[in-house]
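Next up, query18.txt (compact mmCIF, C-alpha atoms):
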# COMPACT_ATOMS: atom_id res chain seq x y z
CA PHE L 1003 91.05 112.19 107.82
CA ARG L 1004 89.88 109.67 105.28
CA PRO L 1005 93.10 109.31 103.20
CA PHE L 1006 95.32 108.34 106.15
CA LEU L 1007 95.18 105.05 108.01
CA VAL L 1008 95.22 105.49 111.78
CA GLU L 1009 97.63 102.54 112.20
CA GLY L 1010 100.34 104.65 110.59
CA MET L 1011 99.70 107.91 112.47
CA ALA L 1012 101.24 109.00 115.78
CA ASP L 1013 99.78 112.46 116.24
CA VAL L 1014 97.43 114.92 114.51
CA GLN L 1015 97.32 118.64 115.31
CA PHE L 1016 94.91 121.10 113.71
CA TYR L 1017 95.57 124.85 113.81
CA LYS L 1018 92.62 126.91 112.64
CA SER L 1019 94.34 130.19 113.54
CA GLY L 1020 97.32 131.48 115.45
CA PHE L 1021 99.53 128.71 114.08
CA PRO L 1022 103.30 128.63 114.81
CA ALA L 1023 105.77 130.76 112.88
CA GLN L 1024 107.03 127.86 110.74
CA TYR L 1025 103.61 127.80 109.04
CA GLY L 1026 103.53 131.56 108.55
CA ASN L 1027 103.29 131.37 104.76
CA ARG L 1028 99.97 129.52 104.96
CA LEU L 1029 96.82 131.49 104.24
CA SER L 1030 94.34 129.40 106.19
CA SER L 1031 94.29 126.50 108.64
CA VAL L 1032 97.11 123.98 109.07
CA LEU L 1033 96.82 120.23 109.62
CA LYS L 1034 100.03 118.74 111.06
CA MET L 1035 100.26 114.95 110.90
CA ASP L 1036 103.13 112.86 112.29
CA GLY L 1037 103.65 109.25 111.23
CA ARG L 1038 104.48 106.52 113.72
CA ALA L 1039 107.99 105.13 114.00
CA GLY L 1040 106.72 101.53 114.09
CA GLY L 1041 107.54 98.60 116.35
CA GLN L 1042 108.18 98.70 120.08
CA ASP L 1043 110.94 100.73 121.72
CA THR L 1044 112.60 97.88 123.63
CA VAL L 1045 111.88 94.83 121.45
CA ASN L 1046 113.48 93.73 118.17
CA GLU L 1047 110.89 92.00 115.99
CA TRP L 1048 110.10 91.79 112.31
CA PHE L 1049 106.33 91.86 112.71
CA SER L 1050 104.67 93.74 115.55
CA LYS L 1051 100.97 94.49 115.93
CA SER L 1052 100.27 93.44 112.34
CA SER L 1053 96.61 93.40 111.35
CA LEU L 1054 94.27 92.39 108.55
CA LYS L 1055 90.71 93.68 108.33
CA ILE L 1056 88.21 92.47 105.75
CA SER L 1057 84.68 93.77 105.32
CA THR L 1058 81.96 93.39 102.71
CA PHE L 1059 83.31 96.12 100.48
CA ALA L 1060 86.94 96.78 101.53
CA ALA L 1061 90.09 95.28 103.01
CA GLN L 1062 92.89 96.81 105.06
CA ALA L 1063 96.27 95.55 106.29
CA HIS L 1064 99.21 96.92 108.21
CA THR L 1065 102.53 95.68 109.58
CA GLU L 1066 105.38 97.22 111.55
CA GLY L 1067 108.68 96.22 113.07
CA HIS L 1068 111.91 97.19 114.80
CA GLN L 1069 115.38 95.79 114.19
CA GLY L 1070 118.37 97.53 115.75
CA PRO L 1071 118.49 101.16 114.56
CA ALA L 1072 115.72 100.63 111.97
CA ARG L 1073 111.98 100.93 112.55
CA TRP L 1074 109.16 100.80 110.02
CA VAL L 1075 105.40 100.74 109.55
CA PHE L 1076 103.40 100.07 106.37
CA ALA L 1077 99.65 100.16 105.83
CA GLY L 1078 97.27 99.92 102.91
CA ARG L 1079 93.65 99.45 101.97
CA THR L 1080 91.54 98.96 98.90
CA THR L 1081 87.95 98.34 97.92
CA TYR L 1082 86.26 95.72 95.80
CA ILE L 1083 82.84 97.37 95.84
CA GLY L 1084 82.79 97.36 92.04
CA TYR L 1085 83.01 93.56 91.98
CA MET L 1086 80.31 93.31 94.65
CA LEU L 1087 78.01 95.53 92.59
CA ASP L 1088 78.69 93.39 89.52
CA LEU L 1089 77.74 90.31 91.55
CA CYS L 1090 74.53 91.94 92.78
CA ASN L 1091 73.64 92.93 89.22
CA ALA L 1092 74.34 89.40 87.98
CA ILE L 1093 72.01 87.73 90.50
CA GLY L 1094 69.28 90.33 90.05
CA ILE L 1095 69.48 92.14 93.40
CA LEU L 1096 70.47 95.44 91.76
CA ASP L 1097 70.29 97.10 88.37
CA LEU L 1098 73.03 99.69 88.77
CA ASP L 1099 75.88 100.36 86.36
CA LEU L 1100 78.38 101.97 88.72
CA ASP L 1101 82.10 101.32 89.13
CA TYR L 1102 84.10 102.71 92.04
CA GLU L 1103 87.49 101.85 93.47
CA PHE L 1104 90.08 103.35 95.75
CA THR L 1105 93.55 102.40 96.95
CA ASP L 1106 95.59 103.96 99.76
CA LEU L 1107 99.18 103.04 100.66
CA GLN L 1108 101.36 104.68 103.27
CA GLY L 1109 104.52 103.90 105.19
CA THR L 1110 107.41 105.19 107.26
CA VAL L 1111 110.99 103.96 107.63
CA MET L 1112 113.17 105.51 110.33
CA TYR L 1113 116.87 104.81 110.86
CA ASP L 1114 118.99 106.00 113.81
CA LEU L 1115 122.47 106.91 112.59
CA SER L 1116 123.43 107.56 116.22
CA ASN L 1117 121.73 108.42 119.50
CA ASP L 1118 121.51 112.04 118.33
CA THR L 1119 120.96 111.66 114.58
CA ARG L 1120 118.22 109.99 112.55
CA ILE L 1121 116.67 110.02 109.09
CA LYS L 1122 113.03 109.32 108.35
CA PHE L 1123 111.44 108.49 105.00
CA SER L 1124 107.67 108.50 104.60
CA PHE L 1125 105.26 108.13 101.71
CA TYR L 1126 101.57 108.22 100.97
CA THR L 1127 99.77 107.51 97.73
CA GLY L 1128 96.04 107.35 97.15
CA LYS L 1129 93.80 107.04 94.12
CA ASP L 1130 90.03 107.05 93.64
CA ARG L 1131 88.05 106.36 90.49
CA LEU L 1132 84.30 106.66 89.91
CA SER L 1133 82.48 105.75 86.70
CA PHE L 1134 78.73 106.26 86.48
CA ASP L 1135 77.80 106.83 82.85
CA PRO L 1136 77.97 109.53 81.56
CA LEU L 1137 79.99 110.77 84.56
CA TYR L 1138 83.62 109.83 85.08
CA MET L 1139 85.84 111.11 87.93
CA ASP L 1140 89.25 110.26 89.27
CA TRP L 1141 91.39 111.97 91.88
CA GLY L 1142 94.41 111.19 93.97
CA ASN L 1143 97.55 112.45 95.62
CA ILE L 1144 101.10 111.51 96.47
CA ALA L 1145 103.23 112.81 99.35
CA ILE L 1146 106.89 111.86 99.87
CA PRO L 1147 108.83 113.63 102.66
CA LEU L 1148 112.42 112.88 103.72
CA ASN L 1149 113.42 114.15 107.17
CA PHE L 1150 116.80 114.57 108.85
CA TYR L 1151 117.23 115.28 112.59
CA HIS L 1152 120.35 115.96 114.61
CA ARG L 1153 120.66 116.96 118.26
CA PHE L 1154 123.82 118.92 119.10
CA ASN L 1155 123.31 118.73 122.86
CA GLY L 1156 120.45 118.93 125.31
CA ASN L 1157 119.45 122.42 124.16
CA TRP L 1158 119.98 122.56 120.38
CA ASP L 1159 118.53 120.41 117.58
CA TYR L 1160 118.52 120.78 113.79
CA ASN L 1161 115.81 119.55 111.41
CA MET L 1162 115.62 119.41 107.63
CA THR L 1163 112.83 118.20 105.32
CA LEU L 1164 112.75 117.65 101.56
CA ALA L 1165 109.30 116.89 100.19
CA PHE L 1166 107.44 116.17 96.96
CA SER L 1167 103.66 116.16 96.62
CA GLU L 1168 101.19 115.74 93.79
CA PHE L 1169 97.45 116.20 93.58
CA TYR L 1170 95.24 115.64 90.54
CA GLN L 1171 91.53 115.60 89.80
CA THR L 1172 89.59 114.86 86.63
CA MET L 1173 85.88 115.10 85.91
CA LYS L 1174 84.28 114.25 82.57
CA ILE L 1175 80.71 114.12 81.34
CA SER L 1176 80.85 111.99 78.19
CA ASP L 1177 82.45 114.05 75.42
CA LEU L 1178 80.54 117.19 76.37
CA MET L 1179 82.84 118.64 79.01
CA SER L 1180 85.86 117.91 81.14
CA ILE L 1181 87.72 119.61 83.99
CA GLU L 1182 91.27 118.69 84.95
CA MET L 1183 93.43 120.04 87.75
CA TYR L 1184 97.05 119.17 88.62
CA LEU L 1185 99.23 120.47 91.41
CA TYR L 1186 102.87 119.48 91.96
CA THR L 1187 104.99 120.79 94.83
CA LEU L 1188 108.71 120.57 95.61
CA ALA L 1189 109.69 121.95 98.99
CA GLY L 1190 112.72 122.16 101.21
CA LYS L 1191 112.88 123.56 104.71
CA GLN L 1192 115.23 123.59 107.66
CA TRP L 1193 114.93 124.88 111.19
CA LEU L 1194 116.97 125.09 114.37
CA ASN L 1195 115.45 124.80 117.85
CA TYR L 1196 116.86 126.11 121.12
CA ARG L 1197 115.27 124.61 124.24
CA GLY L 1198 117.49 126.09 126.95
CA ILE L 1199 114.76 128.32 128.39
CA ALA L 1200 112.24 126.61 130.66
CA ASN L 1201 108.80 126.19 129.05
CA HIS L 1202 109.95 127.93 125.85
CA THR L 1203 111.42 126.93 122.49
CA ILE L 1204 113.14 129.41 120.18
CA THR L 1205 113.00 128.38 116.52
CA VAL L 1206 114.68 129.91 113.48
CA GLY L 1207 114.13 128.47 110.02
CA TYR L 1208 113.77 128.92 106.27
CA GLU L 1209 111.48 127.27 103.69
CA LEU L 1210 111.56 127.30 99.89
CA GLU L 1211 108.72 125.90 97.79
CA TYR L 1212 108.06 125.53 94.05
CA ASP L 1213 104.54 124.85 92.77
CA TYR L 1214 103.31 123.80 89.36
CA GLU L 1215 99.57 124.36 88.95
CA ARG L 1216 97.56 123.55 85.85
CA TYR L 1217 93.82 123.96 85.43
CA GLN L 1218 92.16 122.90 82.20
CA GLU L 1219 88.53 123.08 81.13
CA GLN L 1220 87.03 121.82 77.91
CA MET L 1221 83.53 122.31 76.51
CA SER L 1222 82.97 120.37 73.29
CA THR L 1223 85.79 121.60 71.01
CA ILE L 1224 86.74 124.64 73.11
CA LYS L 1225 89.64 124.19 75.53
CA ILE L 1226 90.98 126.65 78.10
CA ALA L 1227 94.10 126.03 80.19
CA ASP L 1228 95.83 128.08 82.87
CA ILE L 1229 99.33 127.28 84.17
CA GLN L 1230 100.98 128.90 87.18
CA GLU L 1231 104.50 128.21 88.49
CA PRO L 1232 105.01 130.24 91.67
CA PHE L 1233 107.96 130.15 94.06
CA HIS L 1234 107.34 130.72 97.76
CA HIS L 1235 109.96 131.27 100.43
CA VAL L 1236 109.75 132.32 104.04
CA ALA L 1237 112.18 132.86 106.91
CA TYR L 1238 110.95 132.92 110.47
CA LEU L 1239 112.02 133.30 114.06

What do you get writing this file as C-alpha cells?
Amino acid sequence: FRPFLVEGMADVQFYKSGFPAQYGNRLSSVLKMDGRAGGQDTVNEWFSKSSLKISTFAAQAHTEGHQGPARWVFAGRTTYIGYMLDLCNAIGILDLDLDYEFTDLQGTVMYDLSNDTRIKFSFYTGKDRLSFDPLYMDWGNIAIPLNFYHRFNGNWDYNMTLAFSEFYQTMKISDLMSIEMYLYTLAGKQWLNYRGIANHTITVGYELEYDYERYQEQMSTIKIADIQEPFHHVAYL
C-alpha cells in the first residue's frame, strides 16, 4: 500500500471475492481502508506520537492530537533523490541524467457533535514525476471523503459519505508519442445498520456515482481521444 502512510491508517481489509453487499457494484476485488482518529482516547494534547523520519533519499513526518470533541492526524512524505543524484553526478560518482520526485500528504479530522453523532473529514493527495530523457511520466491521485455518523440507539445507526477522487497519468516519449488518462469521480452513499440480532448486522443502503473518464493518445500529429461519463447507482440490503 505504497501511497498511504501507516501512521494515518487504522485498519485495512481486502476482499478478493464474496465482498459485502455495499460493494456489490464493484467488478473485482475491494480494498477497504479506514483512517485513524488521531490522539489518545482519554488525554487532551496538541501533539501526540509525532514523528520525523529522514533517510538518504526521503523524509517523512506525522503528527496527531486530541482536544475535547476534536481529533486529528496528519502525515506526509517526500523525496529528494533528484538532488542526491545531481550531487553524485557533480562529484563524479555517477553519470546519470534522471530526475524523480514524489510527494504524499494525508490527514483526518474527526469532530464529535454529541456522544451519538460525529463528522469525519479525510484527504489524500499524491504525485509522482519521472524524467529520463526521452521518457517523461507523471501520475497521481486525490481522494477527499466526508463522513457523517449518527447512532439512534443501541441497535440502529446511520452513515453517509460524500466523496471526490481524481486519478491522472501521463507518459511521453519526446515529441513522438504521448498517452494521457484522467479519471474523476463524485460519489454519494448512505446506509442504515440494524444490530439488534446477535452476531448479525442488517444493512440497507443506496449509492450514486458519477465518473468522468478521458483517454488520449497521440502519435506525431495524430491524436485520438475517448471520453466516457457514466452514472452508476446501486441499492442493497

- prompt: Got a sec: who's within 9 Å of Ile1229 (chain L), counting all atoms listed in the file, leaving out chain neighbours fewer than 6 positions off, as a list in words?
  reply: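 Within the cut-off, the hits are Tyr1214, Glu1215, Arg1216, Tyr1217 and Gln1218 of chain L.
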
From the list L:Leu1164, L:Met1112, L:Met1173, L:Ala1145, the nearest residue to Thr1127 (chain L) using all atoms listed in the file is L:Ala1145

Judged by all atoms listed in the file, the minimum distance to Ala1200 (chain L) among L:Asn1157, L:Thr1187, L:Thr1163, L:Gln1069 is found for L:Asn1157

>> Just want the 9 Å neighbourhood of Gln1171 (chain L), counted on all atoms listed in the file, with same-chain residues fewer than 4 positions away dropped. Output as a list in words.
In response: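 Contacts, in chain order: Met1139, Asp1140, Trp1141, Gly1142, Asn1143, Ile1181, Glu1182, Met1183 and Tyr1184 of chain L.
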
For Tyr1102 (chain L), the closest of L:Phe1059, L:Phe1123, L:Phe1233, L:Phe1076 counting only C-alpha atoms is L:Phe1059

Q) Neighbours of Trp1193 (chain L) within 7 Å (all atoms listed in the file; same-chain residues fewer than 4 positions away dropped), as a list in words? A)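 Here the answer would be Tyr1160, Asn1161, Met1162, Thr1205, Val1206, Gly1207 and Tyr1208 of chain L.
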